[in-house]
Structure formats: structure tokens, C-alpha cells
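Source file structure_23.txt; content: compact mmCIF, C-alpha atoms.
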# COMPACT_ATOMS: atom_id res chain seq x y z
CA PRO A 435 72.11 -14.33 60.68
CA SER A 436 71.58 -17.75 59.13
CA TYR A 437 68.31 -19.70 59.29
CA SER A 438 69.82 -22.19 61.75
CA ARG A 439 70.70 -19.39 64.20
CA ILE A 440 67.21 -17.86 63.94
CA ARG A 441 65.62 -21.28 64.47
CA THR A 442 67.80 -21.90 67.55
CA ALA A 443 66.71 -18.53 69.00
CA LEU A 444 63.01 -19.26 68.34
CA VAL A 445 63.27 -22.67 70.00
CA ALA A 446 64.94 -21.10 73.03
CA ILE A 447 62.17 -18.50 73.31
CA ARG A 448 59.49 -21.21 73.06
CA GLU A 449 61.10 -23.27 75.82
CA HIS A 450 61.89 -20.21 77.96
CA PRO A 451 59.18 -17.52 77.48
CA ASP A 452 60.95 -15.12 79.84
CA LEU A 453 63.75 -14.79 77.24
CA GLU A 454 61.45 -12.96 74.83
CA LEU A 455 61.28 -9.83 76.99
CA GLN A 456 65.05 -9.91 77.61
CA LEU A 457 65.74 -10.11 73.87
CA VAL A 458 63.43 -7.20 73.12
CA VAL A 459 65.05 -5.04 75.82
CA ALA A 460 68.57 -5.96 74.63
CA ALA A 461 67.68 -5.24 71.00
CA SER A 462 66.14 -1.90 71.98
CA ALA A 463 69.31 -0.89 73.85
CA LEU A 464 71.50 -1.96 70.91
CA LEU A 465 69.42 0.03 68.44
CA GLU A 466 69.57 3.09 70.69
CA ARG A 467 73.35 2.90 70.98
CA TYR A 468 73.79 2.26 67.24
CA GLY A 469 71.45 5.09 66.42
CA ASN A 470 73.43 7.48 68.63
CA ALA A 471 76.67 6.42 66.91
CA ILE A 472 75.18 7.08 63.47
CA ALA A 473 73.92 10.48 64.62
CA SER A 474 77.37 11.35 65.98
CA ILE A 475 79.09 10.34 62.73
CA THR A 476 76.58 12.27 60.64
CA GLU A 477 76.99 15.34 62.83
CA GLN A 478 80.79 15.21 62.48
CA ILE A 479 80.59 14.74 58.69
CA VAL A 480 78.36 17.78 58.30
CA ALA A 481 80.50 19.87 60.66
CA LEU A 482 83.72 19.03 58.78
CA LYS A 483 82.17 19.91 55.42
CA GLN A 484 80.79 23.21 56.72
CA GLN A 485 84.13 24.17 58.28
CA HIS A 486 86.15 23.03 55.24
CA PRO A 487 84.02 23.34 52.08
CA THR A 488 86.92 22.26 49.84
CA PHE A 489 87.30 18.86 51.57
CA GLY A 490 86.17 15.93 49.41
CA ILE A 491 84.40 12.79 50.60
CA LYS A 492 87.62 10.74 50.73
CA ARG A 493 89.44 13.31 52.84
CA ILE A 494 86.52 13.63 55.29
CA ALA A 495 86.36 9.82 55.64
CA GLN A 496 90.10 9.71 56.35
CA ILE A 497 89.88 12.45 59.00
CA LEU A 498 86.96 10.70 60.72
CA ARG A 499 88.91 7.45 60.87
CA ARG A 500 92.38 8.77 61.79
CA VAL A 501 91.55 11.79 63.99
CA PHE A 502 88.14 10.99 65.51
CA PHE A 503 88.34 7.17 65.28
CA LEU A 504 84.87 7.04 63.73
CA PRO A 505 84.19 4.39 61.06
CA ALA A 506 82.83 6.00 57.90
CA SER A 507 83.51 4.97 54.32
CA PRO A 508 83.66 7.56 51.50
CA GLU A 509 80.27 6.25 50.32
CA THR A 510 78.77 6.86 53.79
CA VAL A 511 80.17 10.39 53.75
CA ARG A 512 78.70 10.97 50.29
CA GLN A 513 75.25 9.78 51.39
CA ARG A 514 75.23 11.92 54.55
CA LEU A 515 76.37 15.04 52.66
CA HIS A 516 73.74 14.39 50.00
CA GLU A 517 71.04 14.14 52.68
CA ALA A 518 72.28 17.41 54.21
CA LYS A 519 72.28 19.05 50.75
CA LEU A 520 76.01 19.74 51.06
CA MET A 521 77.08 17.60 48.13
CA PRO A 522 78.14 19.75 45.17
CA PRO A 523 76.95 18.67 41.70
CA SER A 524 79.36 16.26 40.08
CA VAL A 525 81.35 17.57 37.15
CA PRO A 526 82.69 15.01 34.64
CA PRO A 527 86.50 15.13 34.53
CA LYS A 528 88.08 16.70 31.48
CA LYS A 529 89.90 14.33 29.20
CA ARG A 530 93.58 15.14 28.93
CA ASN A 531 96.17 13.63 26.69
CA LEU A 532 98.91 13.92 29.28
CA THR A 533 101.45 11.26 30.04
CA ARG A 534 101.42 10.59 33.76
CA PRO A 535 104.82 10.96 35.41
CA ARG A 536 106.37 7.79 36.77
CA PHE A 537 105.62 7.51 40.49
CA PHE A 538 108.37 6.47 42.85
CA GLU A 539 108.49 6.03 46.61
CA ARG A 540 111.18 4.66 48.89
CA ALA A 541 110.20 1.60 50.94
CA THR A 542 111.34 2.60 54.44
CA PRO A 543 111.68 5.73 56.61
CA ASN A 544 114.95 7.66 56.43
CA GLN A 545 115.95 6.01 53.17
CA MET A 546 115.58 9.21 51.13
CA TRP A 547 114.88 12.83 51.97
CA GLN A 548 113.68 15.49 49.55
CA THR A 549 114.49 19.14 50.10
CA ASP A 550 113.33 22.39 48.55
CA ILE A 551 112.90 26.12 49.26
CA PHE A 552 109.55 27.95 49.23
CA THR A 553 109.34 31.72 48.64
CA PHE A 554 106.53 34.01 49.77
CA ARG A 555 105.95 37.63 50.83
CA LEU A 556 106.12 38.42 54.55
CA GLY A 557 105.89 41.98 55.87
CA GLY A 558 106.54 43.49 52.46
CA ARG A 559 109.70 41.45 51.92
CA TYR A 560 110.50 38.00 50.62
CA ALA A 561 110.81 35.14 53.11
CA TYR A 562 112.03 31.61 52.48
CA ILE A 563 111.10 28.27 54.06
CA VAL A 564 113.72 25.56 53.81
CA ALA A 565 112.26 22.08 54.35
CA PHE A 566 113.45 18.49 54.32
CA MET A 567 110.83 15.75 53.80
CA ASP A 568 111.13 11.99 54.25
CA ASP A 569 110.15 10.45 50.91
CA TYR A 570 108.44 7.33 52.30
CA SER A 571 106.28 8.98 54.96
CA ARG A 572 105.96 12.66 53.85
CA PHE A 573 107.16 13.53 57.38
CA ILE A 574 108.87 16.94 57.55
CA VAL A 575 112.09 16.08 59.36
CA GLY A 576 113.32 19.67 59.37
CA ALA A 577 112.15 23.15 58.39
CA ASP A 578 112.86 26.77 59.24
CA LEU A 579 112.15 30.29 58.02
CA PHE A 580 114.86 32.63 56.68
CA ARG A 581 115.20 36.05 55.08
CA SER A 582 117.77 34.80 52.55
CA PRO A 583 117.84 31.44 50.69
CA THR A 584 121.50 30.71 51.32
CA ALA A 585 123.50 27.50 51.37
CA GLN A 586 124.19 28.17 55.04
CA ALA A 587 120.43 28.20 55.76
CA VAL A 588 120.01 24.83 53.99
CA ILE A 589 122.95 23.31 55.87
CA GLU A 590 121.64 24.64 59.17
CA VAL A 591 118.24 22.96 58.71
CA TYR A 592 119.86 19.75 57.48
CA ARG A 593 122.18 19.57 60.48
CA VAL A 594 119.30 19.97 62.97
CA ALA A 595 117.20 17.33 61.17
CA ALA A 596 120.11 14.86 60.86
CA GLY A 597 120.94 15.35 64.53
CA GLU A 598 117.37 14.56 65.57
CA PHE A 599 116.53 11.71 63.18
CA GLN A 600 119.91 10.49 61.87
CA PRO A 601 121.04 11.25 58.28
CA PRO A 602 119.20 9.49 55.44
CA LYS A 603 120.87 7.14 52.98
CA GLU A 604 119.92 9.35 50.01
CA MET A 605 119.10 13.01 49.33
CA LEU A 606 117.05 14.36 46.42
CA THR A 607 117.34 18.04 45.45
CA ASP A 608 116.93 20.30 42.47
CA ASN A 609 119.92 21.97 40.81
CA GLY A 610 119.73 25.18 42.83
CA ARG A 611 122.95 26.91 43.80
CA GLN A 612 122.25 26.14 47.48
CA TYR A 613 122.52 22.42 46.74
CA THR A 614 125.01 21.89 43.94
CA ASN A 615 127.82 23.56 42.01
CA TRP A 616 128.72 22.72 38.42
CA ARG A 617 132.31 23.82 39.01
CA GLY A 618 132.95 21.40 41.87
CA VAL A 619 131.60 20.20 45.21
CA SER A 620 129.16 22.59 46.93
CA ARG A 621 129.15 23.19 50.68
CA PHE A 622 125.91 21.23 50.99
CA GLU A 623 127.34 18.30 49.04
CA ALA A 624 130.37 18.35 51.33
CA GLU A 625 128.03 18.02 54.32
CA LEU A 626 126.28 15.05 52.69
CA LYS A 627 129.63 13.43 51.97
CA LYS A 628 130.55 13.63 55.66
CA ASP A 629 127.42 11.61 56.47
CA HIS A 630 127.87 9.19 53.54
CA VAL A 631 124.60 10.37 51.97
CA ALA A 632 124.17 9.73 48.23
CA HIS A 633 123.07 12.91 46.41
CA PHE A 634 120.51 12.66 43.59
CA LYS A 635 119.53 15.72 41.55
CA SER A 636 116.34 16.23 39.58
CA ARG A 637 116.58 16.76 35.84
CA PRO A 638 116.21 20.39 34.73
CA GLN A 639 112.63 21.32 33.73
CA HIS A 640 111.23 18.28 35.54
CA PRO A 641 109.68 19.65 38.78
CA MET A 642 107.56 16.49 39.25
CA THR A 643 110.70 14.70 40.46
CA LEU A 644 110.27 16.68 43.68
CA GLY A 645 106.49 16.28 43.52
CA LYS A 646 105.97 15.27 47.17
CA VAL A 647 107.66 18.33 48.65
CA GLU A 648 106.03 20.52 45.97
CA ARG A 649 102.66 19.17 47.13
CA PHE A 650 103.61 20.10 50.69
CA TRP A 651 104.30 23.69 49.59
CA SER A 652 100.84 23.83 47.99
CA THR A 653 99.26 22.53 51.21
CA ILE A 654 100.99 24.92 53.61
CA TRP A 655 100.25 27.86 51.31
CA GLN A 656 96.56 27.12 50.71
CA HIS A 657 95.68 25.98 54.21
CA PHE A 658 97.83 28.29 56.31
CA LEU A 659 100.11 30.95 54.86
CA VAL A 660 97.65 32.56 52.45
CA ARG A 661 95.35 33.69 55.29
CA ALA A 662 97.71 33.87 58.28
CA GLN A 663 98.51 37.21 59.90
CA PHE A 664 101.91 37.46 61.61
CA ASP A 665 103.01 40.07 64.14
CA SER A 666 106.70 39.71 63.32
CA PHE A 667 109.24 37.52 61.57
CA GLU A 668 109.86 35.56 64.78
CA ASN A 669 106.10 35.09 65.25
CA ALA A 670 105.85 33.74 61.70
CA ARG A 671 108.77 31.40 62.32
CA GLU A 672 107.22 30.01 65.50
CA ARG A 673 103.74 29.54 64.02
CA ILE A 674 105.05 27.88 60.85
CA LYS A 675 106.87 25.34 63.00
CA LEU A 676 103.66 24.71 64.98
CA TRP A 677 101.68 24.21 61.77
CA ILE A 678 104.28 21.74 60.48
CA LYS A 679 103.99 19.82 63.75
CA HIS A 680 100.23 19.66 63.15
CA TYR A 681 100.87 18.49 59.57
CA ASN A 682 103.22 15.74 60.74
CA HIS A 683 101.10 14.36 63.58
CA GLN A 684 97.46 15.31 63.03
CA ARG A 685 96.78 15.87 59.33
CA PRO A 686 95.79 12.74 57.33
CA ASN A 687 97.59 12.57 53.99
CA GLN A 688 95.75 11.15 50.99
CA GLY A 689 99.04 10.14 49.39
CA ILE A 690 99.64 7.58 52.17
CA GLU A 691 96.12 6.15 52.48
CA GLY A 692 94.81 8.64 55.01
CA LEU A 693 97.58 8.13 57.56
CA CYS A 694 99.42 11.03 59.16
CA PRO A 695 103.09 11.37 58.15
CA ALA A 696 104.24 10.52 61.68
CA ASP A 697 102.28 7.23 61.55
CA ARG A 698 104.50 6.06 58.70
CA PHE A 699 107.75 7.68 59.78
CA PHE A 700 107.62 6.04 63.23
CA GLU A 701 106.07 2.89 61.69
CA ILE A 702 102.95 2.66 63.82
CA GLN A 703 100.53 2.38 60.87
CA ALA A 704 99.83 -1.31 61.53
CA GLN A 705 98.50 -0.49 64.99
CA LEU A 706 96.12 2.08 63.50
CA THR A 707 94.79 -0.02 60.60
CA ASP A 708 94.09 -3.16 62.64
CA TRP A 709 91.06 -1.80 64.49
Take the structure from the file and write it as C-alpha cells.
Amino acid sequence: PSYSRIRTALVAIREHPDLELQLVVAASALLERYGNAIASITEQIVALKQQHPTFGIKRIAQILRRVFFLPASPETVRQRLHEAKLMPPSVPPKKRNLTRPRFFERATPNQMWQTDIFTFRLGGRYAYIVAFMDDYSRFIVGADLFRSPTAQAVIEVYRVAAGEFQPPKEMLTDNGRQYTNWRGVSRFEAELKKDHVAHFKSRPQHPMTLGKVERFWSTIWQHFLVRAQFDSFENARERIKLWIKHYNHQRPNQGIEGLCPADRFFEIQAQLTDW
């Protein structure tokens, strides 16, 4: 507060002595409430770090803000973890002479989708997840689990996603046989043509073009698939869809400033960042 405000308060107390006790009581109540809020934030920070040791200070701050609606900057998180002796020693980053890939991002939802296929072992056999991701929001518009990575599987997932969210204006894929055919138009490309969707293909040996969906594969593998136990193929299919729903609606994404993919896809981010 400024000097003029303090002076006004002192004059008021001098002219009305009974105000002094009221101010002390009000200040005491405010400090108690503020202290409880700080304790609650600190408790949640420590709990998140203990449950998820790999989470960094920025990710914890984003989860507190988006999921628990608790205000905590990365610096606050760092201080609280340091006090709780949960802050790992800092390691200076290694210098690399790598040229950073050019970053691109579409400006609106449903302007471009990316699609890819992820392979992993399930019940002693290979299984394949086909996913379609909205480029702007990282929202998974469609995904399903299959035993074979066929063009029919890709078309099936695309059709369900397009039926629910409308087809995008553009589609980005790799050069896999499920998506394209050097001898002519593939079945998938024929489907895109029906919906007037422009098809863009990544350059060979340049996986970073599909970097957003590749990052999603890393996330679902590290945080779910690598430790999940499934009773059957159908059980795996159901639980993968549930995890993707969690990813879309409840998992803050550092690539979009700590928002959840659904916040951006349904364009409600302004309502969440105003408070």
C-alpha cells in the first residue's frame, strides 16, 4: 500500500479507536486463510512430486493451475520442492551443435490433422494403435487398437473421427503404404478426396514433420502402456480409449502452455486463462 493509504487508515483509527480492534481481527482472519491456502498448495506440490518423480517444476505448476485451480508459478514450485528436499541437483545442459527443426502449427482447430500408427507387443503378439491428432490443439480426434496395420483400419478410424468432428481441411501423414501409393491413388487418399481434404506427406527420413503425434506416442507409452496389464485384447482396446479421453480432457500439455488438448480444440482456453 502507498503512504497516503496508510496515513488515511491511521487517521481513521485515531478518530475511531474501535476500528483498531476490528482491523486486527480482520487481518488475523486474512492471514489464517492465506496461510491455509499456502499450506494446501505446498501439500499438493509435494504430493504430485512424490507420486510422479519425473515431473518437472513447470509441469507441476501447470497441473496445479489447470486441474486443481491452484495458483503456483514454476518458481513457487521450485522453492517448495527445495524446502521439502525433493528438488534434484541441477545438471547443466549439454551443448549440442544440432540445427533445430522448423516448428509449425496450424492456427485453428480442424484445420489439419496428423495421423500415424504405433506398434507394441500385446499378449505375445504385435498390436497397432491408429491415431488421428488435431495439429492446433493436440486433441486426439480418433484412435483405435488393431491386430493388423491395414489401410482399412486407418480408414475406419478416420471415418469415425470425421463423422464426430467433421473432416479437416488438411491431412498430414508419412509415406506408409496405408496412406499413399506411388503407383496411383490409395484407398485412404480416395477417402480424403471425397471429403475435399488436402493430403500432405512428410519427406522420407524426416520424422520430425510428424513430431506432435510422435510425442503423443512417447507419452502414451511411458505413462501408460509400458506398465499396464491387460486381461485381453478387448480390455486393452477399452482402456486405451479411456486413457486417451484422460489425455484429451485432463492432462495439461506443455506444448500448448499447460492447457489440456480439449481446451484448445473446443476453444475454451480464454475462459480458463482469464481467472
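The space between CA of His683 (chain A) and CA of Pro695 (chain A) spans 6.5 Å.
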When you draw a straight line from CA of Asn544 (chain A) to CA of Phe573 (chain A), how long is it in Å? 9.8 Å
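Comparing the minimum interatomic distances between Asn687 (chain A) and each of A:Arg649, A:Phe580, A:Pro601, A:Pro543, counting all atoms listed in the file, we find that A:Arg649 sits nearest.
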When you look at Lys679 (chain A) with a cut-off of 10 Å (counting only C-alpha atoms), what residues show up, excluding the ones that are within fewer than 6 positions of it in the same chain? I need them as a ChimeraX atom specification. /A:573-575,673,685,696
As a check of understanding: the span from CA of Glu691 (chain A) to CA of Ile491 (chain A) is 13.6 Å
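Neighbours of Arg493 (chain A) closer than or equal to 9 Å, with only C-alpha atoms counted and sequence neighbours fewer than 3 positions away skipped, come out as Phe489, Gly490, Gln496, Ile497, Leu498, Pro508, Pro686, Asn687, Gln688 and Gly692 of chain A.
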For C-alpha atoms, I'd like the residues from the last selection saved as an mmCIF file, in the coordinates of the input.
data_model
loop_
_atom_site.group_PDB
_atom_site.id
_atom_site.type_symbol
_atom_site.label_atom_id
_atom_site.label_comp_id
_atom_site.auth_asym_id
_atom_site.auth_seq_id
_atom_site.Cartn_x
_atom_site.Cartn_y
_atom_site.Cartn_z
ATOM 1 C CA PHE A 489 87.300 18.860 51.570
ATOM 2 C CA GLY A 490 86.170 15.930 49.410
ATOM 3 C CA GLN A 496 90.100 9.710 56.350
ATOM 4 C CA ILE A 497 89.880 12.450 59.000
ATOM 5 C CA LEU A 498 86.960 10.700 60.720
ATOM 6 C CA PRO A 508 83.660 7.560 51.500
ATOM 7 C CA PRO A 686 95.790 12.740 57.330
ATOM 8 C CA ASN A 687 97.590 12.570 53.990
ATOM 9 C CA GLN A 688 95.750 11.150 50.990
ATOM 10 C CA GLY A 692 94.810 8.640 55.010
#
I want to know what sits within 12 Å of Ala506 (chain A), based on only C-alpha atoms, with residues of the same chain fewer than 3 positions away left out; could you give that as a VMD selection string? chain A and resid 471 to 472 474 to 476 478 to 479 491 to 500 502 to 503 509 to 514
